[in-house]
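Text of structure.txt (compact mmCIF, C-alpha atoms) as supplied:
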# COMPACT_ATOMS: atom_id res chain seq x y z
CA MET F 90 39.95 18.32 22.87
CA ALA F 91 36.33 18.79 21.82
CA LEU F 92 37.34 18.31 18.19
CA ASN F 93 39.20 15.10 19.04
CA ARG F 94 36.15 13.76 20.88
CA SER F 95 33.98 14.59 17.87
CA ILE F 96 36.38 12.76 15.53
CA ASP F 97 36.41 9.77 17.92
CA ALA F 98 32.61 9.75 17.97
CA SER F 99 32.36 9.99 14.21
CA SER F 100 34.80 7.09 13.74
CA GLU F 101 33.11 5.05 16.48
CA TYR F 102 29.72 5.52 14.80
CA SER F 103 30.89 5.56 11.20
CA PHE F 104 28.57 4.67 8.35
CA GLU F 105 30.77 1.66 7.50
CA LYS F 106 30.30 0.24 11.00
CA GLU F 107 26.57 0.98 10.91
CA LYS F 108 26.29 -0.75 7.55
CA ALA F 109 28.23 -3.80 8.76
CA ILE F 110 25.90 -4.19 11.75
CA ALA F 111 22.83 -3.75 9.55
CA LYS F 112 24.16 -6.37 7.14
CA GLY F 113 24.20 -8.88 9.98
CA PHE F 114 20.41 -8.48 10.26
CA SER F 115 19.84 -8.64 6.51
CA GLN F 116 20.63 -12.29 5.82
CA ARG F 117 17.75 -14.33 7.23
CA PHE F 118 15.11 -15.88 4.96
CA GLN F 119 11.82 -14.06 5.62
CA TRP F 120 9.61 -17.16 5.82
CA GLU F 121 7.12 -15.58 8.27
CA MET F 122 6.35 -12.80 5.85
CA ILE F 123 5.77 -15.25 2.98
CA LEU F 124 3.42 -17.20 5.23
CA ILE F 125 1.50 -14.02 6.11
CA GLY F 126 1.31 -12.85 2.48
CA ILE F 127 0.28 -16.12 0.86
CA GLY F 128 -1.74 -17.16 3.93
CA GLN F 129 -3.92 -14.07 4.02
CA ALA F 130 -4.52 -14.33 0.25
CA ILE F 131 -5.60 -17.98 0.58
CA ILE F 132 -7.90 -17.19 3.53
CA TRP F 133 -9.37 -14.24 1.61
CA LEU F 134 -9.93 -16.35 -1.52
CA THR F 135 -11.48 -19.19 0.53
CA LEU F 136 -13.99 -16.72 1.97
CA TRP F 137 -15.70 -16.30 -1.41
CA PRO F 138 -17.13 -19.83 -1.82
CA LEU F 139 -17.78 -20.06 1.91
CA VAL F 140 -19.81 -16.83 1.96
CA ILE F 141 -21.54 -17.33 -1.39
CA ASN F 142 -22.66 -20.85 -0.37
CA GLY F 143 -23.85 -19.64 3.04
CA PHE F 144 -21.29 -21.46 5.21
CA VAL F 145 -19.98 -18.16 6.60
CA PRO F 146 -22.26 -15.12 7.15
CA LEU F 147 -21.40 -12.07 5.08
CA TRP F 148 -20.68 -9.88 8.11
CA ALA F 149 -18.15 -12.42 9.43
CA GLY F 150 -16.61 -12.66 5.97
CA PHE F 151 -16.28 -8.88 5.92
CA CYS F 152 -14.45 -8.88 9.28
CA ILE F 153 -12.04 -11.64 8.18
CA ALA F 154 -11.46 -10.01 4.77
CA THR F 155 -10.68 -6.69 6.47
CA ILE F 156 -8.06 -8.33 8.69
CA CYS F 157 -6.59 -10.01 5.58
CA ALA F 158 -6.45 -6.63 3.81
CA CYS F 159 -4.63 -5.06 6.76
CA PHE F 160 -2.03 -7.84 6.56
CA ALA F 161 -1.69 -7.66 2.77
CA TYR F 162 0.76 -4.84 2.19
CA LEU F 163 3.76 -5.71 4.37
CA PRO F 164 4.67 -9.01 2.61
CA SER F 165 4.61 -7.17 -0.73
CA HIS F 166 6.75 -4.43 0.80
CA GLU F 167 9.46 -7.01 1.55
CA SER F 168 9.11 -8.20 -2.07
CA GLN F 169 9.51 -4.65 -3.34
CA HIS F 170 12.91 -4.52 -1.64
CA GLY F 171 13.92 -7.97 -2.88
CA ASN F 172 14.13 -9.21 0.69
CA TYR F 173 13.12 -12.77 -0.21
CA SER F 174 15.62 -13.27 -3.02
CA ARG F 175 18.36 -11.35 -1.16
CA GLY F 176 20.18 -10.51 -4.40
CA ASN F 177 19.99 -14.03 -5.84
CA PRO F 178 18.72 -13.62 -9.44
CA LYS F 179 17.45 -17.24 -9.43
CA MET F 180 15.12 -16.41 -6.51
CA ARG F 181 13.64 -13.17 -7.87
CA TRP F 182 10.52 -15.06 -8.95
CA LEU F 183 9.72 -15.43 -5.24
CA ASP F 184 9.71 -11.65 -4.71
CA SER F 185 7.41 -11.24 -7.69
CA LEU F 186 5.12 -14.15 -6.74
CA VAL F 187 4.58 -13.03 -3.13
CA GLY F 188 4.29 -9.39 -4.19
CA HIS F 189 1.60 -10.06 -6.80
CA ILE F 190 -0.46 -12.56 -4.80
CA THR F 191 -0.59 -10.67 -1.52
CA LEU F 192 -1.71 -7.44 -3.20
CA ILE F 193 -4.79 -8.98 -4.83
CA THR F 194 -6.62 -8.39 -1.53
CA LEU F 195 -5.79 -4.69 -1.81
CA ILE F 196 -6.75 -4.55 -5.55
CA SER F 197 -3.30 -3.09 -6.25
CA PRO F 198 -0.80 -3.89 -9.02
CA TYR F 199 2.52 -4.97 -7.51
CA GLU F 200 4.89 -3.41 -10.07
CA ILE F 201 3.38 0.07 -9.76
CA LEU F 202 3.68 -0.07 -5.98
CA ARG F 203 7.24 -1.39 -6.30
CA VAL F 204 8.60 1.30 -8.60
CA THR F 205 6.85 4.16 -6.83
CA HIS F 206 8.08 2.83 -3.47
CA MET F 207 11.66 2.84 -4.76
CA LYS F 208 11.19 6.51 -5.66
CA HIS F 209 9.73 7.14 -2.20
CA HIS F 210 12.97 5.79 -0.70
CA ALA F 211 15.15 7.77 -3.10
CA TYR F 212 13.32 11.07 -2.58
CA THR F 213 11.64 10.76 0.84
CA ASN F 214 9.80 13.98 1.78
CA ASP F 215 10.63 15.70 -1.51
CA PRO F 216 7.39 17.52 -2.44
CA GLU F 217 8.02 17.04 -6.18
CA LYS F 218 9.54 13.59 -6.41
CA ASP F 219 8.29 11.54 -3.45
CA PRO F 220 5.14 9.70 -4.66
CA ASP F 221 4.02 9.30 -1.03
CA TYR F 222 4.74 12.90 -0.03
CA LEU F 223 1.11 13.91 0.53
CA ASN F 224 0.42 10.81 2.67
CA ALA F 225 2.48 12.35 5.46
CA HIS F 226 2.35 16.02 4.51
CA SER F 227 -1.30 16.55 3.67
CA GLY F 228 -1.71 18.85 6.67
CA SER F 229 -3.83 16.59 8.87
CA LEU F 230 -4.47 12.92 9.60
CA PHE F 231 -8.07 13.40 8.46
CA ARG F 232 -6.91 14.63 5.03
CA THR F 233 -4.53 11.68 4.71
CA ILE F 234 -7.37 9.26 5.55
CA LYS F 235 -9.66 11.02 3.06
CA ARG F 236 -6.98 10.88 0.33
CA SER F 237 -6.36 7.17 0.81
CA ALA F 238 -10.08 6.31 1.07
CA ASP F 239 -10.69 8.33 -2.08
CA GLY F 240 -7.97 6.47 -3.96
CA SER F 241 -5.87 9.60 -4.48
CA SER F 242 -2.90 8.22 -2.52
CA THR F 243 -2.29 5.61 -5.24
CA GLY F 244 -4.41 7.10 -8.05
CA ASP F 245 -2.00 10.01 -8.38
CA TYR F 246 0.94 7.72 -9.15
CA ALA F 247 0.39 8.14 -12.92
CA LYS F 248 1.68 11.72 -12.76
CA TYR F 249 5.12 10.37 -11.78
CA LEU F 250 5.40 8.96 -15.30
CA ASP F 251 6.00 12.57 -16.41
CA ILE F 252 8.26 13.46 -13.48
CA PHE F 253 10.49 10.41 -14.03
CA SER F 254 10.05 10.23 -17.82
CA SER F 255 13.84 10.05 -18.28
CA ASP F 256 14.05 6.94 -16.05
CA LYS F 257 13.36 4.19 -18.58
CA ALA F 258 13.32 1.38 -16.00
CA PHE F 259 10.67 3.24 -14.01
CA VAL F 260 8.52 4.02 -17.06
CA ASN F 261 8.77 0.46 -18.43
CA SER F 262 7.92 -1.20 -15.12
CA PHE F 263 5.04 1.20 -14.59
CA ASN F 264 3.61 0.64 -18.07
CA ASN F 265 4.06 -3.14 -17.82
CA ALA F 266 1.90 -3.10 -14.69
CA ILE F 267 -1.04 -1.36 -16.37
CA PRO F 268 -2.54 -4.63 -17.75
CA MET F 269 -2.47 -6.08 -14.21
CA ALA F 270 -4.21 -2.94 -12.91
CA LEU F 271 -6.88 -3.38 -15.62
CA ILE F 272 -7.29 -7.10 -14.85
CA LEU F 273 -7.87 -6.33 -11.15
CA ARG F 274 -10.32 -3.55 -12.04
CA GLY F 275 -12.06 -5.79 -14.59
CA ALA F 276 -12.32 -8.64 -12.05
CA LEU F 277 -13.86 -6.29 -9.48
CA LEU F 278 -16.41 -4.96 -11.99
CA THR F 279 -17.29 -8.46 -13.21
CA LEU F 280 -17.71 -9.85 -9.71
CA VAL F 281 -19.86 -6.92 -8.59
CA VAL F 282 -22.37 -7.68 -11.34
CA LEU F 283 -22.53 -11.36 -10.31
CA PHE F 284 -22.22 -11.01 -6.50
CA PRO F 285 -22.83 -7.34 -5.64
CA LEU F 286 -22.92 -7.34 -1.83
CA GLU F 287 -20.23 -10.03 -1.52
CA THR F 288 -17.90 -7.98 -3.75
CA LEU F 289 -18.61 -4.87 -1.71
CA LEU F 290 -18.00 -6.52 1.66
CA LEU F 291 -15.35 -9.11 0.81
CA TRP F 292 -13.17 -7.09 -1.52
CA TRP F 293 -13.85 -3.39 -2.16
CA LEU F 294 -14.55 -2.19 1.38
CA PRO F 295 -11.85 -4.34 3.07
CA ALA F 296 -9.37 -3.10 0.43
CA LYS F 297 -10.32 0.50 1.24
CA ILE F 298 -9.92 -0.10 4.98
CA GLY F 299 -6.63 -1.95 4.39
CA THR F 300 -5.33 0.91 2.24
CA VAL F 301 -6.26 3.54 4.82
CA TYR F 302 -4.64 1.42 7.57
CA THR F 303 -1.48 1.01 5.49
CA VAL F 304 -1.19 4.69 4.56
CA VAL F 305 -1.82 5.86 8.14
CA PHE F 306 0.70 3.53 9.78
CA PHE F 307 3.31 3.21 7.02
CA SER F 308 3.32 6.81 5.80
CA TRP F 309 1.62 9.27 8.13
CA PHE F 310 3.00 8.29 11.55
CA PRO F 311 6.61 7.52 10.53
CA HIS F 312 7.05 10.60 8.29
CA VAL F 313 4.84 13.35 9.70
CA GLY F 314 6.83 16.37 10.81
CA THR F 315 10.10 15.06 9.39
CA SER F 316 12.36 16.73 6.83
CA LYS F 317 14.66 15.59 4.02
CA GLY F 318 17.92 13.71 4.61
CA ARG F 319 19.04 10.13 5.36
CA TYR F 320 18.79 10.42 9.15
CA LYS F 321 15.99 12.99 9.23
CA ASP F 322 13.23 11.73 6.93
CA THR F 323 11.69 9.07 9.23
CA ARG F 324 11.15 9.14 12.98
CA PHE F 325 10.81 6.87 15.97
CA TRP F 326 7.35 7.42 17.47
CA SER F 327 5.22 6.04 20.28
CA HIS F 328 1.53 5.30 20.32
CA TRP F 329 -1.20 4.00 22.66
CA MET F 330 -1.60 1.01 20.35
CA PRO F 331 0.46 -2.15 20.97
CA ARG F 332 3.04 -2.29 18.22
CA TYR F 333 1.89 -5.63 16.82
CA ILE F 334 -1.44 -4.04 15.91
CA ASN F 335 0.23 -1.42 13.74
CA HIS F 336 2.86 -3.70 12.19
CA SER F 337 5.59 -2.21 14.42
CA MET F 338 5.72 0.87 12.27
CA GLN F 339 7.23 2.78 15.20
CA LEU F 340 10.41 1.09 13.98
CA HIS F 341 9.97 2.09 10.33
CA PHE F 342 12.91 4.54 10.49
CA VAL F 343 15.44 1.69 10.52
CA HIS F 344 13.86 0.36 7.33
CA HIS F 345 14.53 3.69 5.63
CA LEU F 346 18.17 3.53 6.74
CA HIS F 347 18.68 -0.14 5.85
CA PRO F 348 15.80 -1.51 3.72
CA SER F 349 17.33 -4.99 3.48
CA ILE F 350 16.85 -5.67 7.20
CA GLY F 351 13.98 -8.14 7.47
CA HIS F 352 10.87 -6.76 9.14
CA PHE F 353 10.95 -9.21 12.06
CA ASP F 354 14.65 -8.56 12.61
CA GLU F 355 14.20 -4.80 12.98
CA PRO F 356 13.77 -4.74 16.81
CA LYS F 357 17.11 -6.52 17.40
CA ALA F 358 18.81 -4.38 14.74
CA ILE F 359 17.55 -1.20 16.43
CA GLU F 360 18.75 -2.35 19.85
CA THR F 361 22.23 -2.85 18.40
CA LEU F 362 22.19 0.29 16.28
CA LYS F 363 20.71 2.58 18.95
CA PRO F 364 24.01 4.42 19.74
CA PHE F 365 24.48 5.11 16.01
CA LEU F 366 20.92 6.38 15.69
CA VAL F 367 21.27 8.68 18.69
CA ALA F 368 24.66 9.95 17.44
CA ARG F 369 23.20 10.64 13.99
CA GLY F 370 20.22 12.51 15.46
CA VAL F 371 17.42 10.31 14.10
CA PRO F 372 14.18 12.05 15.24
CA GLY F 373 13.02 10.45 18.49
CA ALA F 374 16.06 8.12 18.73
CA ASP F 375 16.85 9.07 22.34
CA GLU F 376 13.43 7.67 23.34
CA ILE F 377 14.12 4.21 21.92
CA PRO F 378 14.04 1.69 24.78
CA ASP F 379 17.21 -0.38 25.32
CA THR F 380 15.23 -3.58 24.84
CA ILE F 381 12.37 -3.75 22.37
CA THR F 382 9.93 -6.40 23.52
CA TYR F 383 6.27 -6.81 22.70
CA ASN F 384 4.81 -3.55 23.88
CA PRO F 385 7.43 -1.24 25.35
CA LEU F 386 6.52 1.41 22.84
CA ILE F 387 3.10 2.26 24.24
CA LYS F 388 2.69 5.90 25.12
CA PHE F 389 -0.58 7.12 26.58
CA SER F 390 0.06 10.86 26.62
CA MET Z 98 0.56 -7.35 -41.05
CA ARG Z 99 2.10 -4.03 -40.01
CA GLU Z 100 -1.20 -2.33 -40.78
CA ILE Z 101 -3.05 -4.71 -38.46
CA ILE Z 102 -0.52 -4.08 -35.68
CA ASN Z 103 -0.84 -0.31 -36.14
CA THR Z 104 -4.64 -0.54 -36.11
CA MET Z 105 -4.47 -2.63 -32.92
CA LYS Z 106 -2.13 -0.10 -31.32
CA THR Z 107 -4.45 2.79 -32.24
CA LEU Z 108 -7.43 0.85 -30.93
CA MET Z 109 -5.64 0.09 -27.64
CA GLU Z 110 -4.68 3.74 -27.31
CA ILE Z 111 -8.30 4.83 -27.81
CA ILE Z 112 -9.45 2.28 -25.20
CA PHE Z 113 -6.78 3.34 -22.68
CA ASN Z 114 -7.60 7.04 -23.19
CA HIS Z 115 -11.29 6.32 -22.75
CA ILE Z 116 -10.65 4.33 -19.55
CA GLU Z 117 -8.39 7.07 -18.23
CA ASN Z 118 -10.99 9.79 -18.87
CA TRP Z 119 -14.20 7.93 -18.09
CA ASP Z 120 -13.02 5.43 -15.46
CA LYS Z 121 -14.96 7.09 -12.62
CA PHE Z 122 -18.18 7.24 -14.64
CA TRP Z 123 -18.06 3.55 -15.60
CA PHE Z 124 -17.07 2.58 -12.09
CA GLY Z 125 -20.02 4.53 -10.69
CA LEU Z 126 -22.44 3.01 -13.21
CA ILE Z 127 -21.30 -0.61 -12.89
CA PHE Z 128 -20.00 -0.85 -9.32
CA PHE Z 129 -22.23 1.51 -7.36
CA GLY Z 130 -25.17 0.80 -9.69
CA SER Z 131 -24.91 -2.93 -8.95
CA ILE Z 132 -24.62 -2.29 -5.21
CA PHE Z 133 -27.63 0.07 -5.16
CA ASN Z 134 -29.63 -2.38 -7.26
CA ALA Z 135 -28.80 -5.27 -4.91
CA LEU Z 136 -29.71 -3.18 -1.85
CA ALA Z 137 -32.98 -2.12 -3.47
CA GLU Z 138 -33.85 -5.76 -4.14
CA LYS Z 139 -33.44 -6.50 -0.42
CA SER Z 140 -36.05 -3.86 0.46
CA THR Z 141 -39.69 -4.91 -0.03
CA TYR Z 142 -40.70 -1.26 -0.49
CA LEU Z 143 -38.03 -0.40 -3.05
CA SER Z 144 -38.21 -3.70 -4.93
CA SER Z 145 -41.94 -3.12 -5.58
CA MET Z 146 -41.21 0.18 -7.33
CA ALA Z 147 -41.28 0.27 -11.10
CA ASN Z 148 -37.94 0.90 -12.86
CA ILE Z 149 -35.99 0.53 -9.59
CA SER Z 150 -33.01 -1.01 -11.44
CA LEU Z 151 -32.93 1.96 -13.78
CA ILE Z 152 -32.98 4.32 -10.81
CA ALA Z 153 -30.24 2.33 -8.99
CA PHE Z 154 -27.89 2.25 -11.98
CA GLY Z 155 -28.76 5.86 -12.83
CA LEU Z 156 -27.79 6.93 -9.30
CA GLY Z 157 -24.49 5.02 -9.62
CA ALA Z 158 -23.81 6.68 -12.98
CA PHE Z 159 -24.65 10.10 -11.53
CA ILE Z 160 -22.23 9.61 -8.61
CA GLY Z 161 -19.56 8.50 -11.09
CA LEU Z 162 -20.20 11.50 -13.31
CA VAL Z 163 -19.94 13.91 -10.37
CA ALA Z 164 -16.66 12.22 -9.31
CA LYS Z 165 -15.35 12.50 -12.89
CA TYR Z 166 -15.94 16.26 -13.01
CA ARG Z 167 -14.76 16.84 -9.41
CA GLY Z 168 -11.65 14.74 -10.08
CA GLU Z 169 -12.10 12.80 -6.82
CA TRP Z 170 -14.70 10.64 -5.12
CA LEU Z 171 -14.77 12.23 -1.67

Could you quickly redo this structure as C-alpha cells?
Amino acid sequence: MALNRSIDASSEYSFEKEKAIAKGFSQRFQWEMILIGIGQAIIWLTLWPLVINGFVPLWAGFCIATICACFAYLPSHESQHGNYSRGNPKMRWLDSLVGHITLITLISPYEILRVTHMKHHAYTNDPEKDPDYLNAHSGSLFRTIKRSADGSSTGDYAKYLDIFSSDKAFVNSFNNAIPMALILRGALLTLVVLFPLETLLLWWLPAKIGTVYTVVFFSWFPHVGTSKGRYKDTRFWSHWMPRYINHSMQLHFVHHLHPSIGHFDEPKAIETLKPFLVARGVPGADEIPDTITYNPLIKFS
Amino acid sequence: MREIINTMKTLMEIIFNHIENWDKFWFGLIFFGSIFNALAEKSTYLSSMANISLIAFGLGAFIGLVAKYRGEWL
C-alpha cells in the first residue's frame, strides 16, 4: 500500500510533468530585463558628462551609479542562459549585446562570466569544479564579502582554464574574452588618469559595491548550507528585506532547476510547481507561500 | 610574413605574462596613485608639500606591490 502510494506520488510529480510546467513559463520575451540592462547602462554612461560638467554633484552621481551597478548583473544573467533568443540562432546577437553592455558598469567581461556560470550550473557546490563554490562556502558571510570586494570571487576564474582544459568550447570562449577584459581594465586606468575622483566614484567603487551585492544575494544566500544534487544545491530562504530589493533571490532555486524560466515569471512558476518542489525535498520548499506577491517572503526572526 | 606573425605572438605572450604577474603593481601605481594624487591636490596642506605627486604615486605603487606579493588586495 505504502509502495503503491509512493509510485503514485512519483508519477504524479514526475520530472516530465515538472519540465512541461516549467516550459510553459519559459516562452515569454524578457523585455523588462532588456530595459533594465540597457537602461541602467545608459543612465550610468549619461552620468559621466553630467558629473564632469557639474550638472550633477559627484556624491549624487555615486549614489545613482551604485544603484545602476546593483541592477547590472541580472540582465546579463538572462543573456548567459540565452533567455532573450530562446534558442533562435538569429536572435543570439541580442543575448550577446545585452550581456556585454550591461556588464560594463560592473567592469566585467561577459563571455568569462557566461562560461563560468554554465560550469556553476553543471557542478553546483562541487568544491573542485564549481567556479562560485567559495562564494557560498567560504565559511562566513564576512569572508564572502571580503573575497568579492577583493576581486577574488571573479579573479580566481583563470584557474578553471586548467580544470576544464579538455573542454575546448570553455577554453576558447574564455580566451576570446580576455581582450574585452583588457579593454575594460585599460579604459578604467585611462579614465582614472584623466578624471581620478569621477572614475573612483562613478565606476570603480559602484562596481565593487555591485559585485558584493550580486555575490551576497545570488551566491551566498541561495547556496549556503546546501549540498550537491539537482534538488539539493539551492534553497528557498526568507529575509527581513523585501524581495524586490534583493532581486527576488529567495526564488533562485527554481532558476537552478529550470534556467530558461524568465526571471519575472519565476513567482508564478513556483506557485504552480510548489507540490513538485515539496515532493522532491527542495531545501525550504515547505515554507514557500501558496501565493507569492510583493513581500510575502519577509522573515524577521 | 610567418616570422612577423611569430614575433607578434611572442610579443603578445610576453605582454600577457607581464600583465598577469604585475597587474596588481601597475593597478596600484596608476589607479590608486591617481586617486591619492587627486585627493592630495584637494588639500591645501598636502598640495603645498614638495614632491606630493611622487609620494602619492609611490604610495599607490607600494600598495600594489604589497598586494602582488600577498596575492590579494584585502

Closest contacts (chain F/chain Z, max 6 Å, only C-alpha atoms) as CSV:
residue,atom,partner,partner_atom,distance
F:Asp239,CA,Z:Trp170,CA,5.5
F:Val282,CA,Z:Ser131,CA,5.9
F:Pro285,CA,Z:Ile132,CA,5.4

Problem - Contacts of Ile149 in chain Z at 9 Å (only C-alpha atoms; same-chain gap of 6+ positions) as a VMD selection string - result: chain Z and resid 134 137 to 138 143

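As for CA of Gln169 in chain F and CA of Asp184 in chain F, they are spaced 7.1 Å apart.
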
Problem - Spatial neighbours of Ile193 in chain F, 10 Å, only C-alpha atoms, chain gap at least 5 places, as a list in words - result: Ala130, Trp133, Leu134, Ala158, Ala161, Tyr162, Gly188, Pro198, Tyr199, Leu273, Trp292 and Ala296 of chain F

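Across Z:Ser140, Z:Leu126, Z:Ser145, Z:Met98, the tightest approach to Gly157 in chain Z is made by Z:Leu126 when counting only C-alpha atoms.
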
Practice task
Name all residues at most 9 Å from range 305-320 of chain F (count all atoms listed in the file; drop same-chain ones fewer than 5 positions away) and give them as an MDAnalysis selection string.
Solution key: chainID F and resid 212:215 221:226 230 233:234 237 300 325:326 335:342 345:346 366 369:372

Atoms kept (C-alpha atoms) for selection, written as a tab-separated table (two decimals), in the frame of the given file:
chain	number	residue	atom	x	y	z
F	212	TYR	CA	13.32	11.07	-2.58
F	213	THR	CA	11.64	10.76	0.84
F	214	ASN	CA	9.80	13.98	1.78
F	215	ASP	CA	10.63	15.70	-1.51
F	221	ASP	CA	4.02	9.30	-1.03
F	222	TYR	CA	4.74	12.90	-0.03
F	223	LEU	CA	1.11	13.91	0.53
F	224	ASN	CA	0.42	10.81	2.67
F	225	ALA	CA	2.48	12.35	5.46
F	226	HIS	CA	2.35	16.02	4.51
F	230	LEU	CA	-4.47	12.92	9.60
F	233	THR	CA	-4.53	11.68	4.71
F	234	ILE	CA	-7.37	9.26	5.55
F	237	SER	CA	-6.36	7.17	0.81
F	300	THR	CA	-5.33	0.91	2.24
F	325	PHE	CA	10.81	6.87	15.97
F	326	TRP	CA	7.35	7.42	17.47
F	335	ASN	CA	0.23	-1.42	13.74
F	336	HIS	CA	2.86	-3.70	12.19
F	337	SER	CA	5.59	-2.21	14.42
F	338	MET	CA	5.72	0.87	12.27
F	339	GLN	CA	7.23	2.78	15.20
F	340	LEU	CA	10.41	1.09	13.98
F	341	HIS	CA	9.97	2.09	10.33
F	342	PHE	CA	12.91	4.54	10.49
F	345	HIS	CA	14.53	3.69	5.63
F	346	LEU	CA	18.17	3.53	6.74
F	366	LEU	CA	20.92	6.38	15.69
F	369	ARG	CA	23.20	10.64	13.99
F	370	GLY	CA	20.22	12.51	15.46
F	371	VAL	CA	17.42	10.31	14.10
F	372	PRO	CA	14.18	12.05	15.24

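Interatomic distance, CA of Ser103 in chain F to CA of Asp219 in chain F: 27.6 Å.
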
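If you count all atoms listed in the file and draw a sphere of 10 Å around (10.3, -16.0, 4.9), the protein and nucleic acid residues inside it come out as Arg117, Phe118, Gln119, Trp120, Glu121, Met122, Ile123, Leu124, Ile125, Gly126, Pro164, Glu167, Asn172, Tyr173, Ser174, Gly351 and Phe353 of chain F.
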
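We find CA of Gly113 in chain F and CA of Asp379 in chain F to be spaced 18.9 Å apart.
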
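Candidate residues Z:Met109, Z:Ser150, Z:Trp119, Z:Asn103 were compared for distance to Ala164 in chain Z, and the nearest is Z:Trp119, using only C-alpha atoms.
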
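Residue nearest Gly155 in chain Z, chosen from Z:Thr104, Z:Arg167, Z:Phe122, Z:Thr141 and counting all atoms listed in the file: Z:Phe122.
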